[in-house]
$ cat structure-v8.txt   # compact mmCIF, N, CA and C atoms
# COMPACT_ATOMS: atom_id res chain seq x y z
N MET A 1 36.06 -0.90 14.12
CA MET A 1 35.74 0.17 13.19
C MET A 1 35.96 -0.30 11.75
N ARG A 2 36.96 -1.12 11.55
CA ARG A 2 37.22 -1.64 10.20
C ARG A 2 36.01 -2.40 9.67
N ALA A 3 35.40 -3.21 10.53
CA ALA A 3 34.22 -3.97 10.13
C ALA A 3 33.03 -3.04 9.83
N GLN A 4 32.89 -1.98 10.61
CA GLN A 4 31.80 -1.04 10.38
C GLN A 4 31.96 -0.33 9.03
N LEU A 5 33.18 0.06 8.72
CA LEU A 5 33.43 0.70 7.43
C LEU A 5 33.19 -0.28 6.28
N GLY A 6 33.58 -1.53 6.49
CA GLY A 6 33.31 -2.57 5.49
C GLY A 6 31.81 -2.75 5.27
N GLN A 7 31.05 -2.70 6.36
CA GLN A 7 29.60 -2.81 6.26
C GLN A 7 29.01 -1.64 5.48
N LEU A 8 29.52 -0.45 5.72
CA LEU A 8 29.07 0.71 4.94
C LEU A 8 29.33 0.51 3.45
N LEU A 9 30.50 0.00 3.11
CA LEU A 9 30.82 -0.25 1.70
C LEU A 9 29.92 -1.31 1.10
N ASP A 10 29.58 -2.33 1.86
CA ASP A 10 28.67 -3.38 1.37
C ASP A 10 27.27 -2.81 1.12
N VAL A 11 26.77 -2.04 2.07
CA VAL A 11 25.44 -1.47 1.95
C VAL A 11 25.39 -0.46 0.80
N ALA A 12 26.49 0.26 0.57
CA ALA A 12 26.53 1.25 -0.51
C ALA A 12 26.37 0.62 -1.89
N LYS A 13 26.57 -0.67 -1.99
CA LYS A 13 26.41 -1.37 -3.28
C LYS A 13 24.95 -1.66 -3.62
N LEU A 14 24.06 -1.50 -2.65
CA LEU A 14 22.64 -1.76 -2.88
C LEU A 14 22.07 -0.69 -3.81
N PRO A 15 21.12 -1.08 -4.66
CA PRO A 15 20.59 -0.12 -5.64
C PRO A 15 19.79 1.02 -5.04
N ASN A 16 19.29 0.84 -3.82
CA ASN A 16 18.47 1.89 -3.20
C ASN A 16 19.24 2.72 -2.19
N VAL A 17 20.58 2.64 -2.21
CA VAL A 17 21.42 3.38 -1.25
C VAL A 17 22.38 4.28 -2.01
N ARG A 18 22.46 5.52 -1.56
CA ARG A 18 23.44 6.46 -2.10
C ARG A 18 24.28 6.93 -0.91
N LEU A 19 25.55 6.55 -0.90
CA LEU A 19 26.46 6.91 0.18
C LEU A 19 27.42 7.99 -0.33
N GLN A 20 27.39 9.14 0.34
CA GLN A 20 28.29 10.22 0.00
C GLN A 20 28.91 10.75 1.28
N VAL A 21 30.20 11.06 1.19
CA VAL A 21 30.93 11.61 2.33
C VAL A 21 31.07 13.11 2.14
N LEU A 22 30.76 13.84 3.19
CA LEU A 22 30.96 15.28 3.21
C LEU A 22 32.27 15.53 3.95
N PRO A 23 33.36 15.82 3.22
CA PRO A 23 34.66 15.98 3.87
C PRO A 23 34.68 17.14 4.85
N PHE A 24 35.44 16.97 5.90
CA PHE A 24 35.58 18.02 6.92
C PHE A 24 36.10 19.30 6.31
N ARG A 25 36.96 19.17 5.31
CA ARG A 25 37.57 20.36 4.69
C ARG A 25 36.54 21.25 3.99
N THR A 26 35.33 20.72 3.77
CA THR A 26 34.27 21.50 3.14
C THR A 26 33.86 22.67 4.03
N GLY A 27 34.02 22.49 5.33
CA GLY A 27 33.65 23.55 6.27
C GLY A 27 32.16 23.62 6.46
N GLY A 28 31.64 24.83 6.65
CA GLY A 28 30.21 25.00 6.86
C GLY A 28 29.41 24.54 5.65
N HIS A 29 28.23 24.05 5.92
CA HIS A 29 27.36 23.58 4.84
C HIS A 29 25.91 23.84 5.23
N PRO A 30 24.99 23.75 4.28
CA PRO A 30 23.60 24.11 4.57
C PRO A 30 22.94 23.29 5.68
N CYS A 31 23.39 22.08 5.91
CA CYS A 31 22.74 21.22 6.91
C CYS A 31 23.50 21.16 8.23
N VAL A 32 24.34 22.15 8.49
CA VAL A 32 25.18 22.15 9.68
C VAL A 32 24.37 22.21 10.97
N SER A 33 23.14 22.67 10.90
CA SER A 33 22.35 22.81 12.13
C SER A 33 21.83 21.49 12.68
N GLY A 34 21.86 20.43 11.89
CA GLY A 34 21.44 19.14 12.42
C GLY A 34 20.84 18.22 11.38
N ALA A 35 20.67 16.98 11.79
CA ALA A 35 20.16 15.95 10.89
C ALA A 35 18.64 16.03 10.75
N PHE A 36 18.18 15.56 9.61
CA PHE A 36 16.75 15.45 9.36
C PHE A 36 16.53 14.34 8.34
N ASN A 37 15.33 13.84 8.27
CA ASN A 37 14.96 12.80 7.31
C ASN A 37 13.85 13.32 6.43
N ILE A 38 13.99 13.11 5.11
CA ILE A 38 12.93 13.44 4.18
C ILE A 38 12.29 12.13 3.75
N ILE A 39 11.00 12.01 4.00
CA ILE A 39 10.27 10.80 3.67
C ILE A 39 9.42 11.08 2.44
N SER A 40 9.73 10.39 1.35
CA SER A 40 9.01 10.59 0.10
C SER A 40 8.12 9.38 -0.19
N PHE A 41 7.07 9.63 -0.92
CA PHE A 41 6.11 8.59 -1.26
C PHE A 41 6.00 8.47 -2.78
N THR A 42 5.62 7.31 -3.27
CA THR A 42 5.56 7.07 -4.71
C THR A 42 4.34 7.72 -5.37
N GLU A 43 3.29 7.97 -4.60
CA GLU A 43 2.10 8.59 -5.17
C GLU A 43 2.41 10.03 -5.60
N ALA A 44 2.01 10.38 -6.80
CA ALA A 44 2.32 11.70 -7.36
C ALA A 44 1.75 12.84 -6.52
N GLU A 45 0.58 12.63 -5.93
CA GLU A 45 -0.06 13.70 -5.17
C GLU A 45 0.44 13.81 -3.73
N ALA A 46 1.24 12.84 -3.30
CA ALA A 46 1.72 12.83 -1.92
C ALA A 46 2.81 13.89 -1.71
N VAL A 47 2.76 14.52 -0.57
CA VAL A 47 3.74 15.54 -0.19
C VAL A 47 4.83 14.88 0.65
N ASP A 48 6.09 15.24 0.39
CA ASP A 48 7.18 14.76 1.22
C ASP A 48 6.96 15.21 2.66
N VAL A 49 7.37 14.38 3.60
CA VAL A 49 7.29 14.70 5.02
C VAL A 49 8.72 14.75 5.56
N VAL A 50 9.00 15.75 6.37
CA VAL A 50 10.33 15.90 6.96
C VAL A 50 10.23 15.61 8.45
N HIS A 51 11.17 14.80 8.94
CA HIS A 51 11.24 14.44 10.35
C HIS A 51 12.52 15.03 10.93
N VAL A 52 12.36 15.81 12.01
CA VAL A 52 13.51 16.44 12.66
C VAL A 52 13.43 16.16 14.16
N ASP A 53 14.49 15.59 14.72
CA ASP A 53 14.59 15.43 16.17
C ASP A 53 15.42 16.58 16.72
N THR A 54 14.90 17.22 17.75
CA THR A 54 15.66 18.26 18.45
C THR A 54 15.91 17.77 19.87
N ILE A 55 16.58 18.56 20.65
CA ILE A 55 16.86 18.18 22.03
C ILE A 55 15.57 17.99 22.82
N ALA A 56 14.59 18.85 22.56
CA ALA A 56 13.38 18.85 23.38
C ALA A 56 12.16 18.19 22.73
N THR A 57 12.18 18.01 21.41
CA THR A 57 10.97 17.52 20.75
C THR A 57 11.27 16.90 19.39
N THR A 58 10.27 16.31 18.80
CA THR A 58 10.33 15.83 17.43
C THR A 58 9.40 16.70 16.60
N VAL A 59 9.89 17.11 15.44
CA VAL A 59 9.10 17.97 14.56
C VAL A 59 8.80 17.21 13.28
N TRP A 60 7.56 17.26 12.84
CA TRP A 60 7.14 16.69 11.56
C TRP A 60 6.71 17.85 10.68
N VAL A 61 7.38 18.03 9.56
CA VAL A 61 7.03 19.09 8.61
C VAL A 61 6.24 18.45 7.48
N GLU A 62 4.99 18.84 7.34
CA GLU A 62 4.12 18.28 6.32
C GLU A 62 3.60 19.35 5.36
N ASN A 63 4.25 20.48 5.37
CA ASN A 63 3.88 21.61 4.53
C ASN A 63 4.78 21.60 3.30
N LEU A 64 4.19 21.74 2.11
CA LEU A 64 4.94 21.68 0.86
C LEU A 64 6.07 22.71 0.80
N GLU A 65 5.77 23.95 1.17
CA GLU A 65 6.77 25.02 1.09
C GLU A 65 7.91 24.80 2.09
N GLU A 66 7.57 24.46 3.34
CA GLU A 66 8.61 24.22 4.35
C GLU A 66 9.43 22.98 4.00
N GLY A 67 8.78 21.95 3.50
CA GLY A 67 9.50 20.74 3.08
C GLY A 67 10.47 21.02 1.95
N ALA A 68 10.10 21.94 1.06
CA ALA A 68 10.98 22.29 -0.06
C ALA A 68 12.28 22.92 0.43
N VAL A 69 12.22 23.64 1.55
CA VAL A 69 13.43 24.23 2.12
C VAL A 69 14.41 23.12 2.52
N TYR A 70 13.92 22.08 3.17
CA TYR A 70 14.77 20.96 3.56
C TYR A 70 15.33 20.25 2.33
N SER A 71 14.51 20.07 1.32
CA SER A 71 14.99 19.42 0.08
C SER A 71 16.10 20.23 -0.57
N THR A 72 15.94 21.55 -0.58
CA THR A 72 16.97 22.41 -1.15
C THR A 72 18.26 22.31 -0.36
N PHE A 73 18.17 22.33 0.96
CA PHE A 73 19.37 22.19 1.80
C PHE A 73 20.05 20.84 1.56
N PHE A 74 19.25 19.79 1.48
CA PHE A 74 19.80 18.46 1.24
C PHE A 74 20.53 18.42 -0.11
N ASP A 75 19.90 18.95 -1.15
CA ASP A 75 20.52 18.94 -2.48
C ASP A 75 21.81 19.74 -2.51
N ARG A 76 21.82 20.89 -1.86
CA ARG A 76 23.04 21.71 -1.81
C ARG A 76 24.16 20.99 -1.05
N THR A 77 23.82 20.31 0.03
CA THR A 77 24.83 19.56 0.80
C THR A 77 25.34 18.37 -0.01
N ALA A 78 24.46 17.69 -0.72
CA ALA A 78 24.88 16.56 -1.56
C ALA A 78 25.85 17.02 -2.64
N ARG A 79 25.62 18.20 -3.20
CA ARG A 79 26.54 18.72 -4.22
C ARG A 79 27.91 19.04 -3.65
N LEU A 80 27.98 19.40 -2.37
CA LEU A 80 29.27 19.67 -1.72
C LEU A 80 30.01 18.38 -1.36
N SER A 81 29.28 17.27 -1.30
CA SER A 81 29.84 15.98 -0.89
C SER A 81 30.60 15.33 -2.04
N LEU A 82 31.44 14.37 -1.68
CA LEU A 82 32.15 13.60 -2.69
C LEU A 82 31.15 12.75 -3.49
N ALA A 83 31.50 12.45 -4.72
CA ALA A 83 30.69 11.54 -5.53
C ALA A 83 30.69 10.17 -4.86
N GLN A 84 29.72 9.34 -5.23
CA GLN A 84 29.60 8.04 -4.59
C GLN A 84 30.88 7.21 -4.73
N HIS A 85 31.44 7.18 -5.91
CA HIS A 85 32.67 6.39 -6.13
C HIS A 85 33.82 6.94 -5.28
N ASP A 86 33.97 8.25 -5.26
CA ASP A 86 35.04 8.86 -4.46
C ASP A 86 34.81 8.66 -2.97
N SER A 87 33.55 8.69 -2.55
CA SER A 87 33.22 8.44 -1.14
C SER A 87 33.60 7.02 -0.75
N ALA A 88 33.26 6.06 -1.60
CA ALA A 88 33.59 4.66 -1.33
C ALA A 88 35.11 4.47 -1.30
N ALA A 89 35.80 5.13 -2.20
CA ALA A 89 37.27 5.01 -2.23
C ALA A 89 37.88 5.59 -0.95
N LEU A 90 37.37 6.70 -0.47
CA LEU A 90 37.88 7.29 0.77
C LEU A 90 37.62 6.39 1.95
N ILE A 91 36.41 5.86 2.06
CA ILE A 91 36.07 4.95 3.17
C ILE A 91 36.95 3.71 3.11
N ASP A 92 37.17 3.17 1.92
CA ASP A 92 38.01 1.98 1.78
C ASP A 92 39.46 2.27 2.17
N ALA A 93 39.95 3.43 1.79
CA ALA A 93 41.34 3.81 2.16
C ALA A 93 41.47 3.94 3.68
N ILE A 94 40.49 4.55 4.30
CA ILE A 94 40.51 4.67 5.77
C ILE A 94 40.45 3.29 6.41
N ARG A 95 39.57 2.43 5.88
CA ARG A 95 39.42 1.06 6.42
C ARG A 95 40.73 0.30 6.30
N LYS A 96 41.39 0.40 5.19
CA LYS A 96 42.65 -0.32 4.97
C LYS A 96 43.77 0.24 5.87
N GLY A 97 43.66 1.51 6.24
CA GLY A 97 44.68 2.14 7.06
C GLY A 97 44.54 1.83 8.55
N LEU A 98 43.44 1.18 8.92
CA LEU A 98 43.23 0.88 10.34
C LEU A 98 43.97 -0.38 10.75

$ encode --input "structure-v8.txt" --output "structure tokens"
Amino acid sequence: MRAQLGQLLDVAKLPNVRLQVLPFRTGGHPCVSGAFNIISFTEAEAVDVVHVDTIATTVWVENLEEGAVYSTFFDRTARLSLAQHDSAALIDAIRKGL
């Protein structure tokens, strides 16, 4: 586990990675119902696509309005999370404590 946490810290240094920890003490949060991926494209006219895996199926959301709901939930959850520096410090402290 120590090596895995070290790998997370290494990857978090990459310019295209933002690592944030959502502490357990935060309690309920907007994304508590499950994980999803928002896929964005560089073209201005392109609409974000949301990918959601459920127990029974995979859902692709390609509708602008529905996709905006996922983006809003993601942004609200990110605001509840620790800042990147604080997240890295917490992961490093846990890693050193193992």

$ atom_distance --input "structure-v8.txt" --atom1 "CA of Ser33 (chain A)" --atom2 "atom C of Val21 (chain A)"
16.4 Å

$ residues_around --input "structure-v8.txt" --residues "region 15-19 of chain A" --least-positions-apart "4" --cutoff "12 Å" --atoms "only C-alpha atoms" --output "list in words"
Leu5, Gln7, Leu8, Leu9, Asp10, Val11, Ala78, Ser81, Leu82, Ala83, Gln84, His85, Asp86, Ser87, Ala88, Ala89, Leu90 and Ile91 of chain A

$ atom_distance --input "structure-v8.txt" --atom1 "atom C of Tyr70 (chain A)" --atom2 "atom N of Lys13 (chain A)"
24.1 Å

$ atom_distance --input "structure-v8.txt" --atom1 "atom C of Asn63 (chain A)" --atom2 "atom C of Ser40 (chain A)"
13.1 Å

$ select_by_dssp --input "structure-v8.txt" --residues "region 10-93 of chain A" --states "helix (DSSP H, G or I)" --output "ChimeraX atom specification"
/A:10-12,24-26,64-80,84-93

$ closest_residue --input "structure-v8.txt" --among "A:Thr58, A:Glu43, A:Asp92, A:Cys31" --to "Gly6 (chain A)" --atoms "only N, CA and C atoms"
A:Asp92

$ closest_residue --input "structure-v8.txt" --among "A:Thr26, A:Asn37, A:Gln4, A:Gln20" --to "Val49 (chain A)" --atoms "all atoms listed in the file"
A:Asn37

$ residues_around --input "structure-v8.txt" --residues "Phe73 (chain A)" --least-positions-apart "6" --cutoff "8 Å" --atoms "only N, CA and C atoms" --output "list in words"
His29, Pro30, Cys31, Gly67 and Arg79 of chain A

$ closest_residue --input "structure-v8.txt" --among "A:Thr42, A:Ala3, A:Phe36, A:Leu80" --to "Val61 (chain A)" --atoms "only C-alpha atoms"
A:Phe36

$ axis_aligned_box --input "structure-v8.txt" --around "region 78-83 of chain A" --padding-each-side "5 Å" --output "JSON"
{"center_x": 28.3, "center_y": 14.9, "center_z": -3.1, "size_x": 17.7, "size_y": 19.5, "size_z": 14.8}
